[in-house]
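Notes to accompany the following structure.
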Amino acid sequence: MSGALETGLRLAERGRAALDGAGTLEKALRRFRWFYAGAEFCENLLPDAAWHEREVSFFLEKGASVCVLTPPLGEKGLKRLRPVFKRLASVFGRDPRAAGRVEVTVNDFGALELAAETGLKLPLSAGRLLYENMFFADRTKMAVINGEAVRLFRSLGVSRFEFSTTGRLLSNNFSEAAKYGFKPSDIALTLHYPYLNLTTARACAVGLPDIGPEDSVRGVACRRECQACSFEAGHPLVNEKLLVRGNTVFLKFPEKFYSDPATLLKRRINRLVYSPFL
Amino acid sequence: MKIVSCFMEEKEIAPLIEAGADELYTSVPGLPSFDETYLRGITIENAFKKIHALGKKALVAANSSQIVLDTRGLKKLADRLRALDAAGADAFIISSPSLLSLLRSSPRRLRADLHLSSVQPCFNTAALRFFLRFGIRRLILPTQLPALEAAEVLKFCRREGVETEIFDYRFFGCNYVNGRCNIHLPRFHTFKKGAKGGALCRCGGPRQALPVKPLGVNPERAGEVPAIARRLALRMGGGGAPRFYNAASFFDFFTLGVGWLKYGVRADPPAVKARKVGQLRAMADLAGALIKERGQRAARPLFIERMTAWRGA
């Protein structure tokens with residue numbers, strides 16, 4: 001893969017507010033090219049359209065690039081996301097500053113549908129909750145599942161995929177691409193480190209009150225308990241420590257996960273996003 | 001409400017139908033399935049014949065979302081589906097968008113219906129529109145979508161003539177979005193010696209409070225942390241996230257017009273499967289009878305009371 005390895009910082013739903021503090025923002029702007037802002041795993045944390053416009057404008061003005069993260073969606077999330085996409089389409093769709101510098105990550109096929117419906121022409125990436133429709137991954141490998149998956153995602157305007165790993169150098173099936181019916185050049189990868197999202201719930205383990213047999217809930221009554229803190233959890237069956245942030249359980253992978261940028265680029269990973277446990 | 005049940009052996013077919021199953025589904029080698037257990041002791045073609053002779057429909061699960069196949073393998077898979085279609089499969093349960101795409105682009109359309117598996121979670125009407133383009137005729141709702149929140153999806157399905165199906169809340173496992181749950185199996189984490197997957201993400205678990213340690217406490221909300229920690233400790237020891245599905249949600253799904261109720265524990269022994277399918281039939285009949293007798297509003301608390309007293313199949 002030609003070109004340089006790009007670097008990014010995930011700010012999640014806090015956006016640039018996560019960089020409050022003396023000199024933190026300036027340091028981040030110097031160190032990272034891409035800023036990942038928005039809710040990735042939970043629709044209850046989805047900010048409104050004005051917030052998204054402010055965040056994207058801010059980073060563009062600072063000369064940085066922005067990827068807007070979006071979560072899995074229920075009907076409520078879909079209704080919240082529609083004005084966000086409409087605003088992004090109208091404000092940045094024809095803004096020359098946005099060309100190649102604003103992207104959107106989707107974690108729900110409904111968001112892909114919504115992007116088409118709202119005329120959102122910004123580049124789309126499949127997020128960490130969708131990439132398994134394209135790849136099989138485990139501790140040691142990450143293989144494109146089949147050529148039809150590549151064709152389908154390309155037809156939907158998606159050629160970048162976001163993922164995390166346990167930290168090892170992954171093998172892949174790119175050398176057998178012809179046999180699988182795809183071209184490696186049709187794929188670009190974004191690697192989030194150093195946490196891997198193991199599983200996500202809609203019923204939040206941290207925040208949702210207990211549900212009795214007589215309760216038929218309309219959804220998650222969210223009081224944003226995830227903003228109070230995160231947790232480390234030990235499980236008697238599991239060797240690793242699990243980390244819980246709101247509705248998602250993570251695994252930390254502290255091992256050094258690559259030797260140099262060339263190794264990553266060879267695996268079509270051309271963007272490396274530091275995703276601290278915010 | 002009709003009942004759809006899994007089956008894994010020939011000897012299960014007649015008892016499951018006798019217990020109330022209106023459709024039977026299984027998985028077969030060569031078709032990648034989410035739950036990697038397969039039909040044994042009878043060919044799928046003969047199973048179709050036997051099920052059809054008893055006046056019921058036969059479905060096949062090919063619902064792995066990660067079908068790792070090269071071009072030749074993918075063609076073989078499509079050919080296998082076509083052969084099963086010709087042999088009498090009434091529907092295929094599928095979760096992989098790439099397989100759906102392959103079938104859509106094929107000049108030879110399947111006679112059998114396509115059901116969207118719950119392991120490809122469809123939580124909203126836009127996602128539903130996406131999948132309907134592939135010719136989906138039934139939506140199997142993910143258990144993480146509660147009944148009242150599913151109302152718009154169900155309305156959309158009715159308008160489009162798409163059937164709907166839910167799992168029985170008493171006999172279903174993963175508490176997370178199970179098609180995307182990577183703690184089902186130790187693909188990334190590792191288990192201690194002798195441990196097996198499931199207890200982390202399924203109802204059951206060790207059922208004891210697990211140690212949890214707060215990290216990065218927000219000083220403005222520090223007062224909430226002890227209560228949140230207690231709640232999380234209990235949940236992490238009992239299978240993880242809380243469950244939306246319960247007696248009340250079943251009643252609401254029933255009154256919202258969901259057409260099919262599924263029993264899908266493929267690993268259960270034959271007698272247990274038949275007993276549980278009988279329990280599905282009894283629950284759906286109870287809801288129907290109470291509504292007929294008392295009206296929907298009065299029936300709801302009675303139904304919940306009766307089902308809360310239920311103590312296992």
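All residue names refer to the structure tokens as shown: chains lettered A, B, ... in order, residues numbered from 1 in each chain, ligands numbered from 1 in order.
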
Problem set entry | Residues of chain A within 7 Å of chain B, counting only C-alpha atoms, as an MDAnalysis selection string | chainID A and resid 73:75 109:110 113:114 129 132:133 136 138:139 145:149 152 166 179:181 198:206 210 213:219 228:235 237:240

Could the residues in this selection be written to a file with N, CA and C atoms, as a compact mmCIF listing (two decimals), in the first residue's frame?
```
# COMPACT_ATOMS: atom_id res chain seq x y z
N LEU A 73 -28.29 1.50 15.72
CA LEU A 73 -29.48 2.35 15.85
C LEU A 73 -30.75 1.57 16.10
N GLY A 74 -31.51 2.01 17.08
CA GLY A 74 -32.91 1.63 17.16
C GLY A 74 -33.69 2.71 16.43
N GLU A 75 -35.00 2.66 16.54
CA GLU A 75 -35.81 3.67 15.85
C GLU A 75 -35.52 5.06 16.41
N PHE A 109 -26.51 -1.15 9.39
CA PHE A 109 -26.91 -1.09 7.98
C PHE A 109 -27.98 -0.02 7.76
N GLY A 110 -28.74 0.29 8.81
CA GLY A 110 -29.74 1.35 8.70
C GLY A 110 -29.07 2.71 8.47
N GLU A 113 -28.24 3.02 4.85
CA GLU A 113 -29.48 3.33 4.13
C GLU A 113 -29.82 4.82 4.29
N LEU A 114 -29.66 5.29 5.51
CA LEU A 114 -29.96 6.69 5.82
C LEU A 114 -29.01 7.64 5.08
N LEU A 129 -18.45 -2.39 14.69
CA LEU A 129 -19.57 -3.32 14.88
C LEU A 129 -20.13 -3.84 13.56
N GLU A 132 -17.28 -7.25 10.83
CA GLU A 132 -17.32 -8.72 10.77
C GLU A 132 -18.20 -9.23 9.64
N ASN A 133 -18.92 -8.35 8.97
CA ASN A 133 -19.63 -8.75 7.77
C ASN A 133 -18.69 -8.81 6.57
N PHE A 136 -13.25 -12.15 8.80
CA PHE A 136 -13.22 -13.07 9.94
C PHE A 136 -11.95 -12.74 10.71
N ASP A 138 -9.61 -13.22 14.47
CA ASP A 138 -9.38 -13.77 15.80
C ASP A 138 -8.00 -13.27 16.28
N ARG A 139 -7.43 -13.96 17.27
CA ARG A 139 -6.16 -13.48 17.84
C ARG A 139 -5.03 -13.43 16.83
N ILE A 145 -13.78 -12.31 4.14
CA ILE A 145 -14.58 -13.54 4.13
C ILE A 145 -14.84 -14.05 2.72
N ASN A 146 -15.14 -13.17 1.80
CA ASN A 146 -15.32 -13.58 0.41
C ASN A 146 -15.39 -12.36 -0.51
N GLY A 147 -15.22 -12.60 -1.79
CA GLY A 147 -15.18 -11.50 -2.75
C GLY A 147 -16.51 -10.78 -2.87
N GLU A 148 -17.60 -11.51 -2.65
CA GLU A 148 -18.93 -10.90 -2.76
C GLU A 148 -19.11 -9.81 -1.70
N ALA A 149 -18.53 -10.04 -0.51
CA ALA A 149 -18.62 -9.03 0.56
C ALA A 149 -17.92 -7.75 0.13
N LEU A 152 -20.12 -6.04 -2.44
CA LEU A 152 -21.32 -5.45 -1.84
C LEU A 152 -20.99 -4.14 -1.13
N THR A 166 -6.05 -8.06 19.14
CA THR A 166 -5.48 -8.35 20.46
C THR A 166 -4.04 -7.87 20.55
N LYS A 179 -7.92 -15.69 -5.73
CA LYS A 179 -8.68 -16.91 -5.48
C LYS A 179 -10.02 -16.57 -4.80
N TYR A 180 -9.98 -15.55 -3.93
CA TYR A 180 -11.19 -15.15 -3.22
C TYR A 180 -12.04 -14.15 -4.01
N GLY A 181 -11.49 -13.69 -5.11
CA GLY A 181 -12.28 -12.82 -5.98
C GLY A 181 -12.36 -11.37 -5.54
N LEU A 198 -15.11 -6.29 22.78
CA LEU A 198 -15.48 -7.71 22.74
C LEU A 198 -16.96 -7.90 22.47
N THR A 199 -17.78 -7.09 23.11
CA THR A 199 -19.22 -7.26 22.93
C THR A 199 -19.95 -5.99 23.34
N THR A 200 -21.12 -5.81 22.75
CA THR A 200 -21.93 -4.61 23.00
C THR A 200 -23.37 -5.03 23.23
N ALA A 201 -24.01 -4.34 24.16
CA ALA A 201 -25.43 -4.63 24.43
C ALA A 201 -26.26 -3.40 24.09
N ARG A 202 -27.54 -3.60 23.88
CA ARG A 202 -28.45 -2.45 23.82
C ARG A 202 -28.97 -2.17 25.23
N ALA A 203 -29.19 -3.24 26.00
CA ALA A 203 -29.59 -3.08 27.40
C ALA A 203 -28.30 -2.88 28.18
N CYS A 204 -28.08 -1.68 28.66
CA CYS A 204 -26.78 -1.31 29.23
C CYS A 204 -26.56 -1.96 30.59
N ALA A 205 -25.46 -2.71 30.72
CA ALA A 205 -25.16 -3.38 31.99
C ALA A 205 -24.86 -2.38 33.09
N VAL A 206 -24.36 -1.22 32.71
CA VAL A 206 -23.99 -0.21 33.70
C VAL A 206 -25.20 0.60 34.13
N ASP A 210 -32.99 -2.59 36.69
CA ASP A 210 -33.42 -3.98 36.51
C ASP A 210 -34.81 -4.04 35.87
N PRO A 213 -40.53 -8.94 35.60
CA PRO A 213 -41.35 -9.67 34.63
C PRO A 213 -42.55 -8.87 34.13
N GLU A 214 -42.96 -7.87 34.89
CA GLU A 214 -44.12 -7.07 34.48
C GLU A 214 -43.72 -5.86 33.63
N ASP A 215 -42.39 -5.64 33.48
CA ASP A 215 -41.93 -4.46 32.74
C ASP A 215 -41.69 -4.80 31.28
N SER A 216 -42.42 -4.15 30.41
CA SER A 216 -42.11 -4.26 28.99
C SER A 216 -41.54 -2.91 28.59
N VAL A 217 -40.24 -2.86 28.44
CA VAL A 217 -39.58 -1.56 28.29
C VAL A 217 -39.72 -1.03 26.87
N ARG A 218 -39.67 0.27 26.76
CA ARG A 218 -39.72 0.93 25.45
C ARG A 218 -38.32 1.13 24.91
N GLY A 219 -37.33 0.87 25.72
CA GLY A 219 -35.95 1.10 25.32
C GLY A 219 -35.15 1.39 26.58
N ALA A 228 -20.09 8.42 34.54
CA ALA A 228 -19.58 8.50 35.92
C ALA A 228 -18.19 7.86 36.01
N CYS A 229 -18.03 6.71 35.37
CA CYS A 229 -16.72 6.05 35.34
C CYS A 229 -16.79 4.80 34.48
N SER A 230 -15.66 4.18 34.27
CA SER A 230 -15.59 2.87 33.61
C SER A 230 -15.22 1.85 34.68
N PHE A 231 -15.16 0.58 34.31
CA PHE A 231 -14.85 -0.44 35.30
C PHE A 231 -13.90 -1.49 34.74
N GLU A 232 -13.08 -2.00 35.64
CA GLU A 232 -12.31 -3.20 35.33
C GLU A 232 -13.02 -4.34 36.03
N ALA A 233 -13.25 -5.43 35.31
CA ALA A 233 -13.98 -6.56 35.91
C ALA A 233 -13.16 -7.83 35.76
N GLY A 234 -13.02 -8.55 36.87
CA GLY A 234 -12.35 -9.85 36.80
C GLY A 234 -13.44 -10.90 36.66
N HIS A 235 -13.22 -11.89 35.81
CA HIS A 235 -14.20 -12.96 35.68
C HIS A 235 -13.51 -14.28 36.02
N LEU A 237 -13.73 -17.15 34.97
CA LEU A 237 -13.44 -18.06 33.87
C LEU A 237 -12.43 -17.53 32.87
N VAL A 238 -12.10 -16.25 32.98
CA VAL A 238 -11.32 -15.62 31.93
C VAL A 238 -9.96 -15.16 32.44
N ASN A 239 -8.94 -15.40 31.64
CA ASN A 239 -7.59 -15.02 32.06
C ASN A 239 -7.38 -13.50 32.05
N GLU A 240 -7.92 -12.84 31.04
CA GLU A 240 -7.67 -11.41 30.90
C GLU A 240 -8.66 -10.60 31.75
```

Exercise. Got a sec: who's within 12 Å of A:His52, counting only C-alpha atoms, leaving out chain neighbours fewer than 4 positions off, as a count of residues only?
Worked result: 34

For this session: Determine the nearest neighbour of A:Met1 from the options A:His192, A:Asp186, A:Asn197, A:Val150, counting only C-alpha atoms.
Result: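 Checking each candidate against A:Met1, we get A:Asp186 as the closest.
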
Problem set entry | Contacts of stretch 261-264 of chain B within 10 Å, only C-alpha atoms, excl. fewer than 2 positions in-chain, as a ChimeraX atom specification | /B:1-7,21-26,35,140,164-173,250,253-254,258-259,266-268,273-274,276-277,279-281,284

Writer output for current selection, N, CA and C atoms, as a compact mmCIF listing (two decimals), in the first residue's frame:
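What follows is the written file out25.txt:
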```
# COMPACT_ATOMS: atom_id res chain seq x y z
N MET B 1 -50.42 -17.23 16.87
CA MET B 1 -48.96 -17.30 16.80
C MET B 1 -48.54 -18.76 16.57
N LYS B 2 -47.67 -18.95 15.59
CA LYS B 2 -47.22 -20.30 15.27
C LYS B 2 -45.83 -20.55 15.85
N ILE B 3 -45.49 -21.83 15.91
CA ILE B 3 -44.23 -22.23 16.55
C ILE B 3 -43.24 -22.76 15.52
N VAL B 4 -42.00 -22.29 15.62
CA VAL B 4 -40.93 -22.85 14.79
C VAL B 4 -39.86 -23.39 15.74
N SER B 5 -39.44 -24.61 15.46
CA SER B 5 -38.48 -25.26 16.36
C SER B 5 -37.30 -25.82 15.59
N CYS B 6 -36.16 -25.86 16.25
CA CYS B 6 -35.01 -26.54 15.68
C CYS B 6 -35.19 -28.06 15.81
N PHE B 7 -34.53 -28.81 14.97
CA PHE B 7 -34.40 -30.26 15.15
C PHE B 7 -33.04 -30.69 14.64
N ALA B 21 -45.10 -27.80 17.06
CA ALA B 21 -44.30 -27.06 16.08
C ALA B 21 -45.00 -27.03 14.72
N ASP B 22 -45.03 -25.85 14.12
CA ASP B 22 -45.63 -25.68 12.79
C ASP B 22 -44.57 -25.68 11.70
N GLU B 23 -43.35 -25.39 12.08
CA GLU B 23 -42.21 -25.43 11.16
C GLU B 23 -41.02 -26.01 11.91
N LEU B 24 -40.16 -26.71 11.18
CA LEU B 24 -38.93 -27.22 11.79
C LEU B 24 -37.74 -26.73 11.00
N TYR B 25 -36.68 -26.36 11.71
CA TYR B 25 -35.47 -25.95 11.00
C TYR B 25 -34.27 -26.69 11.56
N THR B 26 -33.26 -26.81 10.71
CA THR B 26 -32.04 -27.47 11.12
C THR B 26 -30.87 -26.83 10.37
N ASP B 35 -24.59 -21.50 14.83
CA ASP B 35 -24.41 -22.51 15.86
C ASP B 35 -23.91 -23.76 15.13
N ILE B 140 -36.51 -12.24 11.72
CA ILE B 140 -36.39 -12.83 13.06
C ILE B 140 -35.79 -11.76 13.95
N THR B 164 -42.98 -12.00 10.84
CA THR B 164 -42.09 -11.66 11.96
C THR B 164 -42.02 -12.82 12.95
N GLU B 165 -40.89 -12.90 13.62
CA GLU B 165 -40.63 -14.04 14.51
C GLU B 165 -39.82 -13.56 15.71
N ILE B 166 -40.14 -14.11 16.88
CA ILE B 166 -39.35 -13.80 18.09
C ILE B 166 -38.91 -15.11 18.74
N PHE B 167 -37.93 -15.00 19.62
CA PHE B 167 -37.49 -16.14 20.43
C PHE B 167 -38.32 -16.17 21.72
N ASP B 168 -38.50 -17.38 22.25
CA ASP B 168 -39.12 -17.52 23.58
C ASP B 168 -38.12 -17.00 24.62
N TYR B 169 -38.57 -16.10 25.45
CA TYR B 169 -37.66 -15.45 26.40
C TYR B 169 -37.09 -16.44 27.43
N ARG B 170 -37.76 -17.59 27.60
CA ARG B 170 -37.29 -18.52 28.64
C ARG B 170 -36.14 -19.40 28.17
N PHE B 171 -36.00 -19.54 26.85
CA PHE B 171 -35.04 -20.52 26.34
C PHE B 171 -34.07 -19.86 25.35
N PHE B 172 -33.51 -18.76 25.75
CA PHE B 172 -32.58 -18.12 24.84
C PHE B 172 -31.38 -17.59 25.61
N GLY B 173 -30.24 -17.56 24.97
CA GLY B 173 -29.00 -17.33 25.67
C GLY B 173 -28.44 -15.94 25.77
N PHE B 250 -43.27 -10.62 25.95
CA PHE B 250 -43.91 -11.62 25.09
C PHE B 250 -45.36 -11.23 24.84
N PHE B 253 -45.47 -8.43 22.34
CA PHE B 253 -45.19 -8.93 20.98
C PHE B 253 -46.42 -9.67 20.43
N PHE B 254 -47.04 -10.45 21.29
CA PHE B 254 -48.22 -11.23 20.88
C PHE B 254 -49.32 -10.28 20.39
N VAL B 258 -46.93 -10.36 16.21
CA VAL B 258 -45.81 -11.20 15.74
C VAL B 258 -46.34 -12.60 15.43
N GLY B 259 -45.96 -13.13 14.29
CA GLY B 259 -46.57 -14.36 13.80
C GLY B 259 -45.94 -15.65 14.28
N ARG B 266 -30.37 -25.91 19.92
CA ARG B 266 -30.11 -27.11 19.12
C ARG B 266 -29.45 -28.22 19.94
N ALA B 267 -28.74 -27.84 21.00
CA ALA B 267 -28.00 -28.85 21.77
C ALA B 267 -28.89 -29.60 22.77
N ASP B 268 -30.10 -29.17 23.01
CA ASP B 268 -30.97 -29.87 23.97
C ASP B 268 -31.26 -31.30 23.49
N LYS B 273 -36.32 -30.94 24.02
CA LYS B 273 -36.80 -30.09 22.92
C LYS B 273 -38.33 -30.18 22.82
N ALA B 274 -38.85 -31.40 22.80
CA ALA B 274 -40.30 -31.58 22.64
C ALA B 274 -41.05 -30.96 23.81
N LYS B 276 -40.10 -28.48 25.69
CA LYS B 276 -40.03 -27.01 25.61
C LYS B 276 -40.94 -26.46 24.50
N VAL B 277 -40.98 -27.16 23.38
CA VAL B 277 -41.89 -26.71 22.31
C VAL B 277 -43.33 -26.75 22.82
N GLN B 279 -44.18 -26.14 25.78
CA GLN B 279 -44.30 -24.95 26.64
C GLN B 279 -44.49 -23.67 25.81
N LEU B 280 -43.87 -23.63 24.65
CA LEU B 280 -44.09 -22.48 23.75
C LEU B 280 -45.55 -22.43 23.32
N ARG B 281 -46.03 -23.60 22.89
CA ARG B 281 -47.43 -23.67 22.43
C ARG B 281 -48.38 -23.25 23.55
N ALA B 284 -48.31 -19.40 24.15
CA ALA B 284 -49.04 -18.64 23.13
C ALA B 284 -50.54 -18.87 23.27
```

Exercise. If you run DSSP on the backbone, which residues of stretch 27-248 of chain A are strand (DSSP E), as JSON, numbers by chain?
Worked result: {"A": [34, 35, 36, 37, 38, 65, 66, 67, 68, 69, 102, 103, 104, 105, 106, 124, 125, 126, 135, 136, 137, 142, 143, 144, 158, 159, 160, 161, 162, 163, 188, 189, 190, 191, 192, 193, 195, 196, 197, 198, 199, 200, 230, 231, 232, 233, 242, 243, 244, 245, 248]}

Restricting it to N, CA and C atoms, dump the selection as a short mmCIF file (atom, residue, chain, number, x, y, z; two decimals), in the first residue's frame.
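part.cif, freshly written:
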```cif
data_model
loop_
_atom_site.label_atom_id
_atom_site.label_comp_id
_atom_site.auth_asym_id
_atom_site.auth_seq_id
_atom_site.Cartn_x
_atom_site.Cartn_y
_atom_site.Cartn_z
N TRP A 34 -6.12 12.79 12.16
CA TRP A 34 -7.56 12.53 12.18
C TRP A 34 -8.10 12.58 13.61
N PHE A 35 -9.30 13.13 13.75
CA PHE A 35 -9.98 13.14 15.04
C PHE A 35 -11.32 12.44 14.86
N TYR A 36 -11.55 11.45 15.71
CA TYR A 36 -12.78 10.63 15.63
C TYR A 36 -13.75 11.11 16.70
N ALA A 37 -14.82 11.74 16.26
CA ALA A 37 -15.77 12.33 17.20
C ALA A 37 -17.17 11.77 16.98
N GLY A 38 -17.89 11.53 18.08
CA GLY A 38 -19.26 11.03 17.98
C GLY A 38 -19.44 9.75 18.76
N SER A 65 -8.31 16.59 10.08
CA SER A 65 -9.37 15.85 9.40
C SER A 65 -10.26 15.19 10.45
N VAL A 66 -11.51 14.93 10.08
CA VAL A 66 -12.48 14.45 11.07
C VAL A 66 -13.23 13.24 10.56
N CYS A 67 -13.39 12.26 11.43
CA CYS A 67 -14.28 11.14 11.12
C CYS A 67 -15.42 11.16 12.14
N VAL A 68 -16.64 11.23 11.66
CA VAL A 68 -17.81 11.26 12.54
C VAL A 68 -18.23 9.81 12.83
N LEU A 69 -18.19 9.45 14.10
CA LEU A 69 -18.58 8.10 14.50
C LEU A 69 -20.09 8.04 14.72
N VAL A 102 -13.25 14.84 5.64
CA VAL A 102 -14.38 14.50 6.52
C VAL A 102 -14.93 13.14 6.08
N GLU A 103 -15.03 12.25 7.04
CA GLU A 103 -15.58 10.93 6.76
C GLU A 103 -16.63 10.59 7.81
N VAL A 104 -17.41 9.55 7.53
CA VAL A 104 -18.43 9.10 8.48
C VAL A 104 -18.29 7.60 8.66
N THR A 105 -18.30 7.16 9.92
CA THR A 105 -18.25 5.72 10.22
C THR A 105 -19.64 5.25 10.61
N VAL A 106 -20.08 4.16 10.00
CA VAL A 106 -21.41 3.62 10.34
C VAL A 106 -21.25 2.27 11.03
N LEU A 124 -17.74 6.84 3.46
CA LEU A 124 -18.27 6.04 4.58
C LEU A 124 -17.32 4.90 4.92
N SER A 125 -17.17 4.67 6.21
CA SER A 125 -16.40 3.51 6.67
C SER A 125 -17.32 2.58 7.44
N ALA A 126 -17.03 1.27 7.37
CA ALA A 126 -17.77 0.31 8.21
C ALA A 126 -17.05 0.24 9.55
N PHE A 135 -14.93 -9.34 7.34
CA PHE A 135 -13.72 -10.05 7.78
C PHE A 135 -14.05 -11.10 8.82
N PHE A 136 -13.25 -12.15 8.80
CA PHE A 136 -13.22 -13.07 9.94
C PHE A 136 -11.95 -12.74 10.71
N ALA A 137 -12.08 -12.49 12.00
CA ALA A 137 -10.90 -12.12 12.77
C ALA A 137 -10.82 -12.92 14.06
N MET A 142 -6.88 -12.10 10.25
CA MET A 142 -8.00 -11.29 9.84
C MET A 142 -8.16 -11.50 8.34
N ALA A 143 -9.17 -12.29 7.97
CA ALA A 143 -9.30 -12.68 6.57
C ALA A 143 -10.56 -12.07 5.97
N VAL A 144 -10.43 -11.59 4.73
CA VAL A 144 -11.63 -11.16 3.99
C VAL A 144 -12.48 -12.40 3.80
N VAL A 158 -18.58 1.82 0.57
CA VAL A 158 -17.70 1.57 1.72
C VAL A 158 -16.46 0.80 1.26
N SER A 159 -15.30 1.37 1.50
CA SER A 159 -14.09 0.61 1.21
C SER A 159 -13.10 0.67 2.38
N ARG A 160 -13.45 1.45 3.42
CA ARG A 160 -12.60 1.49 4.62
C ARG A 160 -13.30 0.76 5.76
N PHE A 161 -12.52 -0.01 6.50
CA PHE A 161 -13.08 -0.82 7.59
C PHE A 161 -12.28 -0.57 8.86
N GLU A 162 -12.99 -0.41 9.96
CA GLU A 162 -12.32 -0.14 11.24
C GLU A 162 -12.35 -1.40 12.10
N PHE A 163 -11.27 -1.65 12.81
CA PHE A 163 -11.23 -2.83 13.67
C PHE A 163 -10.21 -2.62 14.78
N ALA A 188 -9.18 -0.55 2.53
CA ALA A 188 -8.27 0.20 3.41
C ALA A 188 -8.73 -0.06 4.84
N LEU A 189 -7.76 -0.17 5.74
CA LEU A 189 -8.10 -0.53 7.13
C LEU A 189 -7.67 0.54 8.12
N THR A 190 -8.51 0.72 9.11
CA THR A 190 -8.20 1.61 10.23
C THR A 190 -8.11 0.75 11.48
N LEU A 191 -7.00 0.84 12.16
CA LEU A 191 -6.82 0.03 13.37
C LEU A 191 -6.93 0.92 14.62
N HIS A 192 -7.90 0.59 15.47
CA HIS A 192 -8.03 1.28 16.76
C HIS A 192 -7.23 0.50 17.82
N TYR A 193 -6.46 1.20 18.61
CA TYR A 193 -5.70 0.54 19.67
C TYR A 193 -5.75 1.40 20.91
N TYR A 195 -7.49 -1.00 22.77
CA TYR A 195 -8.59 -1.78 23.35
C TYR A 195 -9.39 -2.43 22.24
N LEU A 196 -9.82 -3.65 22.50
CA LEU A 196 -10.65 -4.37 21.54
C LEU A 196 -12.06 -4.46 22.12
N ASN A 197 -13.06 -4.06 21.34
CA ASN A 197 -14.44 -4.18 21.80
C ASN A 197 -14.90 -5.62 21.64
N LEU A 198 -15.11 -6.29 22.78
CA LEU A 198 -15.48 -7.71 22.74
C LEU A 198 -16.96 -7.90 22.47
N THR A 199 -17.78 -7.09 23.11
CA THR A 199 -19.22 -7.26 22.93
C THR A 199 -19.95 -5.99 23.34
N THR A 200 -21.12 -5.81 22.75
CA THR A 200 -21.93 -4.61 23.00
C THR A 200 -23.37 -5.03 23.23
N SER A 230 -15.66 4.18 34.27
CA SER A 230 -15.59 2.87 33.61
C SER A 230 -15.22 1.85 34.68
N PHE A 231 -15.16 0.58 34.31
CA PHE A 231 -14.85 -0.44 35.30
C PHE A 231 -13.90 -1.49 34.74
N GLU A 232 -13.08 -2.00 35.64
CA GLU A 232 -12.31 -3.20 35.33
C GLU A 232 -13.02 -4.34 36.03
N ALA A 233 -13.25 -5.43 35.31
CA ALA A 233 -13.98 -6.56 35.91
C ALA A 233 -13.16 -7.83 35.76
N LEU A 242 -11.38 -7.80 32.02
CA LEU A 242 -12.35 -7.19 31.10
C LEU A 242 -12.57 -5.74 31.54
N LEU A 243 -12.84 -4.89 30.58
CA LEU A 243 -13.08 -3.49 30.89
C LEU A 243 -14.47 -3.12 30.40
N VAL A 244 -15.24 -2.49 31.25
CA VAL A 244 -16.62 -2.17 30.89
C VAL A 244 -16.78 -0.66 30.82
N ARG A 245 -17.25 -0.21 29.67
CA ARG A 245 -17.55 1.20 29.50
C ARG A 245 -18.98 1.27 28.96
N THR A 248 -20.59 -1.50 26.51
CA THR A 248 -19.60 -2.31 25.77
C THR A 248 -18.53 -2.88 26.70
#
```

Exercise. Could you pull out all residues of stretch 2-238 of chain A with a DSSP call of helix (DSSP H, G or I) and give them as a PyMOL selection string?
Worked result: chain A and resi 15-19+24-31+43-45+49-61+75-92+96-98+109-117+131-133+147-155+174-180+184-186+225-227

For this session: Provide the atom CA of B:Asp85 to atom CA of A:Phe182 distance in Å, to one decimal place.
Result: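 A separation of 28.1 Å between them.
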
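A straight line drawn from atom CA of B:Leu59 to atom CA of B:Ser118 is 15.0 Å long.
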
For this session: Find the residue from B:Ala87, B:Arg294, B:Ser117, B:Ala282 that sits nearest to B:Asn46; use only C-alpha atoms when measuring.
Result: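 Nearest to B:Asn46: B:Ala87.
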
Exercise. Which of these, A:Pro276, A:Asp260, A:Ser164, A:Leu265, has the shortest distance to A:Ile187 once you count only C-alpha atoms?
Worked result: A:Leu265
